[in-house]
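Structure first, commentary second.
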Amino acid sequence: MKRKNPFSQDDRKKIRDELEISDETIVLGHVGRFYDQKNHSFIIDVFEQYEKVNSNTVLLLVGDGELIKEVKAKVFSRGLSDKVKFLGLRNDVHRILQGFDVFLLPSKFEGFFGFG
């Protein structure tokens, strides 16, 4: 049985055009609530280091939550405001994912269950 490939180059181009991101830009992204366990602070640390070696990059953050103001403040204090886009709550995440090159998921807890 052949599986359908959910990736669409057309959708990728459309979402990047909507977000004003060029085809050559490397897009890192995350989807999740802005809560401690999702570890957004670490995402900003990682992105800051990556951006130093590849300036043609952008970070997309999808979601909302109690720590969003704190994360936005960290982005601003690191001078990354022009490189990080906060997309808020979306009902078209499947489309947004088409524009990512790298999906970041540095959760403090997920992936560490069921062992022991």
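Labels for the structure tokens follow display order: chains A, B, ..., residues from 1 in each chain, ligands from 1.
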
TODO: Determine which residues of chain A DSSP labels as alpha helix (DSSP H) from the backbone of this structure, then write them out as JSON, numbers by chain.
DONE: {"A": [9, 10, 11, 12, 13, 14, 15, 16, 17, 18, 40, 41, 42, 43, 44, 45, 46, 47, 48, 49, 50, 51, 52, 53, 68, 69, 70, 71, 72, 73, 74, 75, 76, 77, 93, 94, 95, 96, 97, 98]}

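For Ser77 (chain A), the set of protein, DNA and RNA residues having any atom at most 12 Å away, when counting only C-alpha atoms and skipping those fewer than 4 positions along the same chain, is A:Ile44, A:Asp45, A:Glu48, A:Glu70, A:Val71, A:Lys72, A:Ala73, A:Ser81, A:Asp82.
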
Export of prior selection with C-alpha atoms as a short mmCIF file (atom, residue, chain, number, x, y, z; two decimals), in the first residue's frame:
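Final output, result.cif:
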data_model
loop_
_atom_site.label_atom_id
_atom_site.label_comp_id
_atom_site.auth_asym_id
_atom_site.auth_seq_id
_atom_site.Cartn_x
_atom_site.Cartn_y
_atom_site.Cartn_z
CA ILE A 44 15.68 31.08 21.89
CA ASP A 45 19.16 30.11 23.15
CA GLU A 48 20.57 32.66 18.85
CA GLU A 70 8.68 36.50 28.93
CA VAL A 71 9.78 34.81 25.71
CA LYS A 72 9.10 37.96 23.68
CA ALA A 73 11.17 39.96 26.17
CA SER A 81 13.09 40.65 17.08
CA ASP A 82 13.54 40.86 13.32
#

- [ ] Excluding Leu87 (chain A) and residues on its chain fewer than 6 positions from it, collect all residues at most 9 Å away from it, counting only C-alpha atoms, and give them as a PyMOL selection string.
- [x] chain A and resi 60-64

- [ ] Find the spatial neighbours of Gln98 (chain A), counting only C-alpha atoms, within a cut-off of 7 Å - ignore same-chain residues fewer than 4 positions away - and output them as a VMD selection string.
- [x] chain A and resid 7 11 to 12 94

TODO: Going by DSSP on the backbone, which bits of chain A are strand (DSSP E)? Write them as a ChimeraX atom specification, please.
DONE: /A:26-31,57-62,84-88,102-103

Please write the residues from the selection above to a file, keeping N, CA and C atoms, as a compact mmCIF listing (two decimals), in the first residue's frame.
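This went into out.txt:
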# COMPACT_ATOMS: atom_id res chain seq x y z
N ILE A 26 16.35 29.73 5.81
CA ILE A 26 16.17 28.51 6.59
C ILE A 26 15.21 28.83 7.73
N VAL A 27 14.14 28.04 7.81
CA VAL A 27 13.10 28.27 8.80
C VAL A 27 13.14 27.20 9.88
N LEU A 28 13.39 27.65 11.12
CA LEU A 28 13.27 26.79 12.28
C LEU A 28 11.93 27.11 12.90
N GLY A 29 11.28 26.12 13.47
CA GLY A 29 9.97 26.40 14.03
C GLY A 29 9.59 25.50 15.19
N HIS A 30 8.61 25.97 15.93
CA HIS A 30 8.07 25.23 17.06
C HIS A 30 6.58 25.51 17.17
N VAL A 31 5.83 24.48 17.54
CA VAL A 31 4.40 24.61 17.80
C VAL A 31 4.16 24.10 19.22
N THR A 57 18.26 33.07 8.35
CA THR A 57 17.35 32.16 9.04
C THR A 57 16.29 32.94 9.79
N VAL A 58 15.20 32.25 10.10
CA VAL A 58 14.11 32.84 10.86
C VAL A 58 13.53 31.75 11.77
N LEU A 59 12.97 32.18 12.89
CA LEU A 59 12.33 31.27 13.82
C LEU A 59 10.85 31.59 13.88
N LEU A 60 10.01 30.58 13.66
CA LEU A 60 8.57 30.74 13.77
C LEU A 60 8.09 30.04 15.03
N LEU A 61 7.35 30.76 15.85
CA LEU A 61 6.80 30.20 17.08
C LEU A 61 5.27 30.28 17.01
N VAL A 62 4.64 29.12 17.06
CA VAL A 62 3.19 29.03 16.97
C VAL A 62 2.65 28.64 18.34
N VAL A 84 12.54 36.54 14.68
CA VAL A 84 11.59 35.63 15.33
C VAL A 84 10.18 36.14 15.09
N LYS A 85 9.34 35.25 14.57
CA LYS A 85 7.94 35.61 14.31
C LYS A 85 7.05 34.82 15.25
N PHE A 86 6.25 35.54 16.03
CA PHE A 86 5.26 34.92 16.90
C PHE A 86 3.94 34.87 16.14
N LEU A 87 3.48 33.67 15.82
CA LEU A 87 2.30 33.51 14.98
C LEU A 87 1.01 33.31 15.77
N GLY A 88 1.11 33.20 17.09
CA GLY A 88 -0.08 33.06 17.92
C GLY A 88 -0.77 31.72 17.74
N VAL A 102 13.22 22.97 9.82
CA VAL A 102 13.59 22.26 11.04
C VAL A 102 12.48 22.47 12.08
N PHE A 103 12.04 21.39 12.69
CA PHE A 103 11.04 21.48 13.76
C PHE A 103 11.76 21.26 15.09

Task: For Lys69 (chain A), the nearest of the candidates A:Glu18, A:Lys13, A:Phe34, A:Thr25, counting only C-alpha atoms - done: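 That would be A:Phe34, the residue with the smallest distance to Lys69 (chain A).
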